[in-house]
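File shown: upload12.cif (mmCIF, C-alpha atoms and all ligand atoms).
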data_entry
#
loop_
_atom_site.label_atom_id
_atom_site.label_comp_id
_atom_site.auth_asym_id
_atom_site.auth_seq_id
_atom_site.Cartn_x
_atom_site.Cartn_y
_atom_site.Cartn_z
CA MET B 275 19.42 44.29 2.65
CA PHE B 276 15.81 45.31 1.85
CA GLU B 277 15.30 45.99 5.53
CA PRO B 278 15.30 48.96 7.89
CA GLY B 279 18.30 51.10 8.71
CA VAL B 280 18.51 54.40 10.59
CA MET B 281 19.87 57.88 9.97
CA ILE B 282 21.92 58.86 13.04
CA TRP B 283 24.03 61.91 13.87
CA ALA B 284 27.48 61.93 15.43
CA GLU B 285 27.57 64.02 18.65
CA ARG B 286 23.79 63.53 18.99
CA ASP B 287 23.42 59.77 18.84
CA GLU B 288 25.66 57.03 20.21
CA ALA B 289 27.57 54.73 17.89
CA GLN B 290 25.63 51.78 19.30
CA THR B 291 22.23 53.43 18.61
CA PRO B 292 21.61 51.41 15.41
CA MET B 293 22.24 48.19 17.35
CA ASP B 294 19.94 49.41 20.15
CA LEU B 295 17.26 49.99 17.50
CA GLY B 296 17.83 46.49 16.17
CA VAL B 297 19.13 47.40 12.71
CA LYS B 298 22.27 46.40 10.80
CA TYR B 299 22.49 49.45 8.54
CA ALA B 300 22.87 53.16 9.19
CA GLN B 301 23.64 56.49 7.63
CA LEU B 302 25.88 58.73 9.72
CA GLY B 303 25.41 62.49 9.79
CA VAL B 304 28.44 64.61 10.62
CA PRO B 305 27.62 68.02 12.16
CA GLY B 306 29.49 71.00 10.79
CA GLY B 307 31.43 71.63 13.98
CA MET B 308 32.64 68.08 14.57
CA GLN B 309 36.39 67.57 14.67
CA LEU B 310 37.15 64.93 12.04
CA THR B 311 40.16 63.51 13.81
CA GLU B 312 41.73 60.09 13.43
CA THR B 313 40.63 59.42 17.02
CA ALA B 314 36.98 60.13 16.15
CA ALA B 315 37.22 57.94 13.05
CA LYS B 316 38.81 55.12 15.08
CA GLU B 317 36.10 55.26 17.76
CA TRP B 318 33.28 55.11 15.20
CA ARG B 319 35.02 52.42 13.17
CA GLU B 320 35.56 50.21 16.21
CA THR B 321 32.03 50.54 17.58
CA LEU B 322 30.48 49.89 14.18
CA GLN B 323 32.60 46.78 13.80
CA GLU B 324 31.74 45.58 17.31
CA THR B 325 28.03 46.05 16.68
CA SER B 326 28.15 44.66 13.10
CA VAL B 327 26.51 47.83 11.76
CA THR B 328 27.26 48.87 8.18
CA VAL B 329 27.23 52.60 7.46
CA VAL B 330 26.10 53.08 3.87
CA THR B 331 26.38 56.88 3.72
CA VAL B 332 28.15 59.67 5.59
CA PHE B 333 26.15 62.91 5.46
CA ALA B 334 27.73 66.34 5.69
CA ALA B 335 25.93 69.24 7.37
CA TYR B 336 27.45 72.68 7.74
CA ASP B 337 27.74 75.29 10.46
CA GLY B 338 25.23 78.11 9.93
CA GLU B 339 22.53 76.09 8.18
CA ASP B 340 18.97 76.90 9.24
CA TYR B 341 15.83 75.08 8.06
CA ALA B 342 13.26 77.49 9.58
CA ASP B 343 11.43 78.24 6.33
CA ILE B 344 12.12 78.21 2.59
CA PRO B 345 13.72 81.70 2.34
CA THR B 346 16.01 80.83 5.27
CA VAL B 347 16.97 77.52 3.64
CA GLN B 348 17.70 79.37 0.40
CA ARG B 349 19.94 81.80 2.28
CA THR B 350 21.81 79.36 4.53
CA VAL B 351 21.85 75.76 3.28
CA GLY B 352 24.41 73.85 1.28
CA PHE B 353 26.67 75.16 -1.46
CA ILE B 354 24.53 78.14 -2.46
CA PRO B 355 25.55 80.86 0.07
CA PRO B 356 28.60 82.49 -1.58
CA ALA B 357 30.32 83.52 1.66
CA THR B 358 30.68 79.94 2.92
CA ARG B 359 31.31 78.18 -0.39
CA ALA B 360 35.06 77.73 0.00
CA SER B 361 34.88 76.55 3.61
CA ARG B 362 31.99 74.16 2.90
CA GLU B 363 33.78 72.71 -0.12
CA ALA B 364 36.85 72.06 2.04
CA ARG B 365 34.61 70.58 4.73
CA THR B 366 32.90 68.27 2.23
CA LEU B 367 36.25 66.95 1.04
CA ALA B 368 37.21 66.37 4.69
CA VAL B 369 33.94 64.48 5.25
CA SER B 370 34.78 62.35 2.21
CA ASP B 371 38.17 61.56 3.77
CA PHE B 372 36.50 60.80 7.12
CA ALA B 373 34.01 58.47 5.40
CA ALA B 374 36.91 56.73 3.66
CA ARG B 375 38.53 56.07 7.06
CA LEU B 376 35.26 54.37 8.09
CA GLY B 377 35.23 52.37 4.86
CA VAL B 378 32.04 54.08 3.67
CA LYS B 379 31.47 54.24 -0.09
CA SER B 380 29.01 57.13 -0.29
CA ILE B 381 28.82 60.69 0.98
CA ALA B 382 25.83 63.00 0.76
CA CYS B 383 24.49 66.43 1.62
CA HIS B 384 21.87 69.05 0.82
CA ILE B 385 23.52 71.34 -1.72
CA GLY B 386 20.67 73.85 -1.32
CA PHE B 387 18.42 75.60 -3.82
CA VAL B 388 20.23 75.49 -7.16
CA PRO B 389 18.84 78.09 -9.60
CA GLU B 390 17.09 76.61 -12.63
CA ASP B 391 18.84 79.11 -14.94
CA ALA B 392 22.07 77.37 -16.01
CA THR B 393 23.72 80.72 -16.76
CA HIS B 394 23.10 82.08 -13.25
CA PRO B 395 26.44 82.69 -11.41
CA ASP B 396 25.28 80.60 -8.42
CA TYR B 397 24.42 77.70 -10.74
CA VAL B 398 27.81 77.85 -12.43
CA ALA B 399 29.67 78.08 -9.10
CA VAL B 400 27.75 75.22 -7.48
CA ARG B 401 28.14 73.02 -10.56
CA GLY B 402 31.90 73.52 -10.28
CA MET B 403 31.85 72.67 -6.58
CA VAL B 404 29.84 69.51 -7.16
CA ARG B 405 32.27 68.41 -9.87
CA ARG B 406 35.25 68.90 -7.55
CA VAL B 407 33.54 67.03 -4.70
CA CYS B 408 32.68 64.18 -7.09
CA ASP B 409 36.26 63.98 -8.33
CA HIS B 410 37.61 63.91 -4.78
CA ALA B 411 35.07 61.27 -3.68
CA ALA B 412 35.91 59.17 -6.74
CA LYS B 413 39.49 58.83 -5.46
CA HIS B 414 38.01 57.02 -2.45
CA GLY B 415 35.69 54.97 -4.67
CA GLN B 416 32.70 56.90 -3.27
CA THR B 417 29.50 58.17 -4.79
CA PHE B 418 28.37 61.70 -3.92
CA ALA B 419 24.61 61.72 -3.36
CA LEU B 420 22.43 64.82 -3.50
CA GLU B 421 19.53 64.88 -1.06
CA THR B 422 16.19 65.38 -2.82
CA GLY B 423 13.46 67.84 -2.08
CA GLN B 424 14.57 71.38 -2.67
CA GLU B 425 13.85 71.13 -6.40
CA ALA B 426 11.51 69.18 -8.66
CA ALA B 427 12.74 65.84 -10.04
CA GLU B 428 13.29 67.10 -13.58
CA VAL B 429 15.33 70.07 -12.35
CA LEU B 430 17.55 67.73 -10.35
CA LEU B 431 17.94 65.38 -13.32
CA HIS B 432 18.95 68.26 -15.57
CA PHE B 433 21.51 69.51 -13.05
CA ILE B 434 23.03 66.03 -12.58
CA ALA B 435 23.31 65.54 -16.34
CA ASP B 436 25.00 68.94 -16.62
CA VAL B 437 27.53 68.14 -13.85
CA ALA B 438 28.39 65.02 -15.85
CA ARG B 439 30.20 62.96 -13.24
CA PRO B 440 29.56 59.19 -13.12
CA ASN B 441 29.61 59.02 -9.32
CA LEU B 442 27.01 61.77 -8.79
CA ARG B 443 23.87 60.13 -7.42
CA ILE B 444 20.77 60.77 -5.31
CA ASN B 445 19.74 60.17 -1.71
CA PHE B 446 15.97 60.07 -2.11
CA ASP B 447 13.94 61.56 0.73
CA PRO B 448 10.21 61.33 -0.05
CA ALA B 449 9.18 63.65 2.77
CA ASN B 450 11.32 66.53 1.53
CA LEU B 451 9.37 66.73 -1.73
CA ILE B 452 6.25 67.23 0.37
CA LEU B 453 7.80 69.57 2.98
CA TYR B 454 9.15 71.86 0.24
CA GLY B 455 6.05 71.44 -1.91
CA THR B 456 8.15 70.37 -4.91
CA GLY B 457 6.29 67.29 -6.08
CA GLU B 458 4.48 64.05 -5.46
CA PRO B 459 7.18 61.72 -4.06
CA ILE B 460 6.25 58.42 -5.70
CA ALA B 461 6.20 59.98 -9.18
CA ALA B 462 9.54 61.66 -8.43
CA LEU B 463 11.01 58.36 -7.24
CA ARG B 464 10.06 56.71 -10.53
CA GLN B 465 11.77 59.51 -12.45
CA LEU B 466 14.94 59.49 -10.36
CA ALA B 467 15.22 55.77 -9.60
CA PRO B 468 18.23 54.95 -11.83
CA LEU B 469 20.33 57.45 -9.86
CA VAL B 470 19.10 56.62 -6.35
CA VAL B 471 21.83 55.00 -4.22
CA SER B 472 20.24 55.53 -0.82
CA VAL B 473 16.91 56.52 0.70
CA HIS B 474 15.49 58.18 3.76
CA CYS B 475 12.22 56.87 5.07
CA LYS B 476 10.80 60.08 6.45
CA ASP B 477 7.24 61.38 6.55
CA GLY B 478 5.61 64.78 6.55
CA ASP B 479 2.68 66.96 5.56
CA TRP B 480 2.42 69.55 2.80
CA PRO B 481 2.99 73.26 3.59
CA ALA B 482 -0.05 75.18 4.82
CA ALA B 483 -1.92 76.79 1.93
CA GLY B 484 -1.61 80.55 1.67
CA VAL B 485 1.54 80.89 3.79
CA PRO B 486 4.32 81.99 1.39
CA GLY B 487 7.68 80.40 2.13
CA ALA B 488 6.32 77.98 4.70
CA LEU B 489 7.71 74.48 4.94
CA GLY B 490 5.48 71.52 5.64
CA ARG B 491 5.67 69.69 8.94
CA GLU B 492 7.82 66.61 9.44
CA ARG B 493 5.93 63.73 11.05
CA ALA B 494 6.69 60.33 12.52
CA LEU B 495 6.94 57.63 9.87
CA GLY B 496 3.51 56.47 8.75
CA GLU B 497 1.73 59.53 10.14
CA GLY B 498 2.33 61.97 7.28
CA SER B 499 1.33 62.32 3.63
CA VAL B 500 4.08 60.25 1.94
CA GLY B 501 2.18 56.97 1.89
CA ILE B 502 5.00 54.84 3.29
CA ARG B 503 3.46 51.53 2.25
CA ARG B 504 3.31 52.66 -1.38
CA PHE B 505 6.84 54.12 -1.10
CA VAL B 506 8.22 50.79 0.12
CA GLU B 507 6.26 48.84 -2.51
CA THR B 508 7.58 51.14 -5.24
CA LEU B 509 11.17 50.77 -4.05
CA ARG B 510 10.79 47.01 -4.15
CA GLU B 511 9.17 47.12 -7.58
CA LEU B 512 12.03 49.29 -8.89
CA GLY B 513 14.59 46.82 -7.59
CA PHE B 514 16.12 49.15 -5.00
CA PRO B 515 18.29 46.89 -2.83
CA GLY B 516 17.94 48.80 0.48
CA PRO B 517 18.50 49.56 3.24
CA LEU B 518 15.48 51.71 4.14
CA ASN B 519 16.86 54.32 6.51
CA VAL B 520 14.41 55.81 9.00
CA GLU B 521 15.07 59.52 9.44
CA ARG B 522 13.36 61.52 12.20
CA GLU B 523 14.13 65.15 12.93
CA ALA B 524 12.06 65.79 16.07
CA GLU B 525 13.87 68.12 18.49
CA ASP B 526 13.00 66.17 21.61
CA PRO B 527 15.56 63.34 21.88
CA GLN B 528 13.19 60.85 23.50
CA GLU B 529 10.43 61.52 20.98
CA ARG B 530 12.96 61.16 18.18
CA LEU B 531 14.35 57.81 19.35
CA ARG B 532 10.87 56.48 20.16
CA ASP B 533 9.65 57.43 16.67
CA MET B 534 12.75 55.92 15.05
CA ALA B 535 12.08 52.64 16.88
CA ARG B 536 8.44 52.72 15.75
CA GLY B 537 9.56 53.54 12.21
CA VAL B 538 11.87 50.53 12.19
CA GLU B 539 9.00 48.32 13.34
CA LEU B 540 6.68 49.73 10.68
CA LEU B 541 9.27 49.03 7.99
CA ARG B 542 9.81 45.51 9.29
CA THR B 543 6.09 44.91 8.85
CA LEU B 544 6.05 46.46 5.37
CA THR B 545 9.15 44.64 4.13
CA GLY B 546 8.42 41.35 5.83
CA SER B 547 11.94 41.37 7.29
CA VAL B 548 12.60 39.75 10.65
CA THR B 549 15.18 40.56 13.27
MG MG G 601 16.54 63.40 4.56
#
Represent the structure from my file as structure tokens, please.
Ligand code: MG
Amino acid sequence: MFEPGVMIWAERDEAQTPMDLGVKYAQLGVPGGMQLTETAAKEWRETLQETSVTVVTVFAAYDGEDYADIPTVQRTVGFIPPATRASREARTLAVSDFAARLGVKSIACHIGFVPEDATHPDYVAVRGMVRRVCDHAAKHGQTFALETGQEAAEVLLHFIADVARPNLRINFDPANLILYGTGEPIAALRQLAPLVVSVHCKDGDWPAAGVPGALGRERALGEGSVGIRRFVETLRELGFPGPLNVEREAEDPQERLRDMARGVELLRTLTGSVT
């Protein structure tokens, strides 16, 4: 299982894309507007079975999210915006149900910028939401994984301890810590490792100096500042079982798929896995 997987998106990628990329593992993103019908679940379930691809995580994204820069992320992403909290909570529970119909044992999302002040009303509200999502996911035997990057490792650890749910875990994305300027990813991985249930293999460069609120730039795997070889070596050293899911966010579909294929090949080299 210590081998490449891919992060794909329903309504953007085809269900056979992981097979086309030569991998046996995937994470499936569910866009906010997707109808989570039994028909959709059946189609995904059947194709995944036919292609022998195992989905390890279903990711929830939400209508209205915008990753343009840090202030926009703070305003629009995850559980933080008060106006969409109720609808996004309901959506997350529906994604958990959808994942259960696919037989997937983990769900994940960006919950957004949680305030560090534990008495802040947004902190209290989001902590409650995360507890309810965890409790719902637990009924399906699922973990609920928080995507890293929008806060430093110790802030995330403190929040998770405060939520106090045994199935609350982490999807570790090394590039996000760089893109948001929150910390050196390998050091963060060592801190968070006991809670990491899944990883993104994504790359990127630090934000430009002197541009307040700027995000760094996502790059093809191996071309950014993460140090993918060291990331993979550290995962192995820490006993992370895999898979190593290539995530690429390039807008151009051909560039994205080409870079995902190259990322898979790079990880095959680094892990010594063969097709
Ligand atoms: Mg990610």
>> Please list as a count of residues only every residue within 12 Å of Ala435 of chain B, counting all atoms listed in the file and excluding residues in the same chain fewer than 6 positions away.
In response: 11
>> As a quick test: using all atoms listed in the file, which residues lie no more than 8 Å away from ligand MG 601 (chain G)? Give them as a list in words.
In response: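 The residues near ligand MG 601 (chain G) are Glu421, Thr422, Asn445, Phe446, Asp447, Ala449, Asn450, Val473, His474, Cys475, Lys476 and Glu521 of chain B.
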>> Taking all atoms listed in the file into account, name the residue in B:Asn519, B:Gln465, B:Ser499, B:Thr313 that is nearest to Pro481 of chain B.
In response: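 When distances to Pro481 of chain B are compared using all atoms listed in the file, the smallest one comes from B:Ser499.
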> So how many Å separate atom CA of Leu430 of chain B and atom CA of Gly386 of chain B, to one decimal?
Replying inline: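 Those two atoms sit 11.3 Å apart.
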>> Excluding Glu458 of chain B and its own-chain neighbours fewer than 6 positions away, which residues fall within 12 Å of it when counting only C-alpha atoms? Please give them as a PyMOL selection string.
In response: chain B and resi 423+425-427+447-452+464-465+479-480+499-501+505
> Taking into account all atoms listed in the file, which residue in the set B:Val329, B:Thr321, B:Ile282, B:Ala364 is nearest to Tyr299 of chain B?
Replying inline: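 Once distances to Tyr299 of chain B are computed over all atoms listed in the file, the minimum belongs to B:Val329.
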> Could you state the separation of atom CA of Pro459 of chain B and atom CA of Gly296 of chain B in Å, given to one decimal place?
Replying inline: 27.5 Å
> Please, what distance in Å, to one decimal, runs between atom CA of Arg503 of chain B and atom CA of Val470 of chain B?
Replying inline: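 Atom CA of Val470 of chain B lies 18.6 Å from atom CA of Arg503 of chain B.
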>> Could you check the closest approach to Ala419 of chain B for each of B:Ile381, B:Val388, B:Val520, B:Met403 and tell me which residue wins, using only C-alpha atoms?
In response: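 Nearest candidate to Ala419 of chain B out of B:Ile381, B:Val388, B:Val520, B:Met403: B:Ile381.
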> For Val471 of chain B, which residue out of B:Leu540, B:Ala483, B:Leu518, B:Leu431 is the nearest one, using only C-alpha atoms?
Replying inline: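 Of B:Leu540, B:Ala483, B:Leu518, B:Leu431, the one nearest Val471 of chain B, counting only C-alpha atoms, is B:Leu518.
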> Of the candidates B:Ile344, B:Val297, B:Thr508, B:Asp409, which shows the shortest atom-to-atom distance to Gly455 of chain B, using only C-alpha atoms?
Replying inline: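 Among the listed residues, the smallest separation from Gly455 of chain B belongs to B:Ile344.
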> From the set B:Ala438, B:Ala488, B:Leu376, B:Leu310, which residue has the shortest atom-to-atom contact distance to Val330 of chain B, counting only C-alpha atoms?
Replying inline: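 Of the candidates, the smallest distance to Val330 of chain B is held by B:Leu376.
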>> Taking 4 positions as the minimum chain separation for residues in the same chain, which residues sit within 10 Å of Glu539 of chain B when counting only C-alpha atoms? Answer as a VMD selection string.
In response: chain B and resid 278 295 to 296 533 to 535 543 to 545 547 to 549
> Once you count only C-alpha atoms, which residues end up no further than 9 Å from (31.1, 55.5, 21.6) in the file's frame, shown as an NGL selection string?
Replying inline: :B and (288-290 or 317-318 or 320-321)
>> Could you list, as a count of residues only, every residue within 12 Å of Val369 of chain B, counting all atoms listed in the file and ignoring same-chain residues fewer than 6 positions away?
In response: 33
List the neighbours of Leu531 of chain B out to 10 Å using only C-alpha atoms; skip same-chain residues closer than 3 positions along the sequence, and give me the result as a PDB file with C-alpha atoms, in the coordinates of the input.
ATOM      1  CA  ILE B 282      21.920  58.860  13.040  1.00  0.00           C
ATOM      2  CA  ASP B 287      23.420  59.770  18.840  1.00  0.00           C
ATOM      3  CA  THR B 291      22.230  53.430  18.610  1.00  0.00           C
ATOM      4  CA  LEU B 295      17.260  49.990  17.500  1.00  0.00           C
ATOM      5  CA  ARG B 522      13.360  61.520  12.200  1.00  0.00           C
ATOM      6  CA  GLU B 523      14.130  65.150  12.930  1.00  0.00           C
ATOM      7  CA  ALA B 524      12.060  65.790  16.070  1.00  0.00           C
ATOM      8  CA  ASP B 526      13.000  66.170  21.610  1.00  0.00           C
ATOM      9  CA  PRO B 527      15.560  63.340  21.880  1.00  0.00           C
ATOM     10  CA  GLN B 528      13.190  60.850  23.500  1.00  0.00           C
ATOM     11  CA  MET B 534      12.750  55.920  15.050  1.00  0.00           C
ATOM     12  CA  ALA B 535      12.080  52.640  16.880  1.00  0.00           C
ATOM     13  CA  ARG B 536       8.440  52.720  15.750  1.00  0.00           C
ATOM     14  CA  GLY B 537       9.560  53.540  12.210  1.00  0.00           C
TER      15      GLY B 537
END
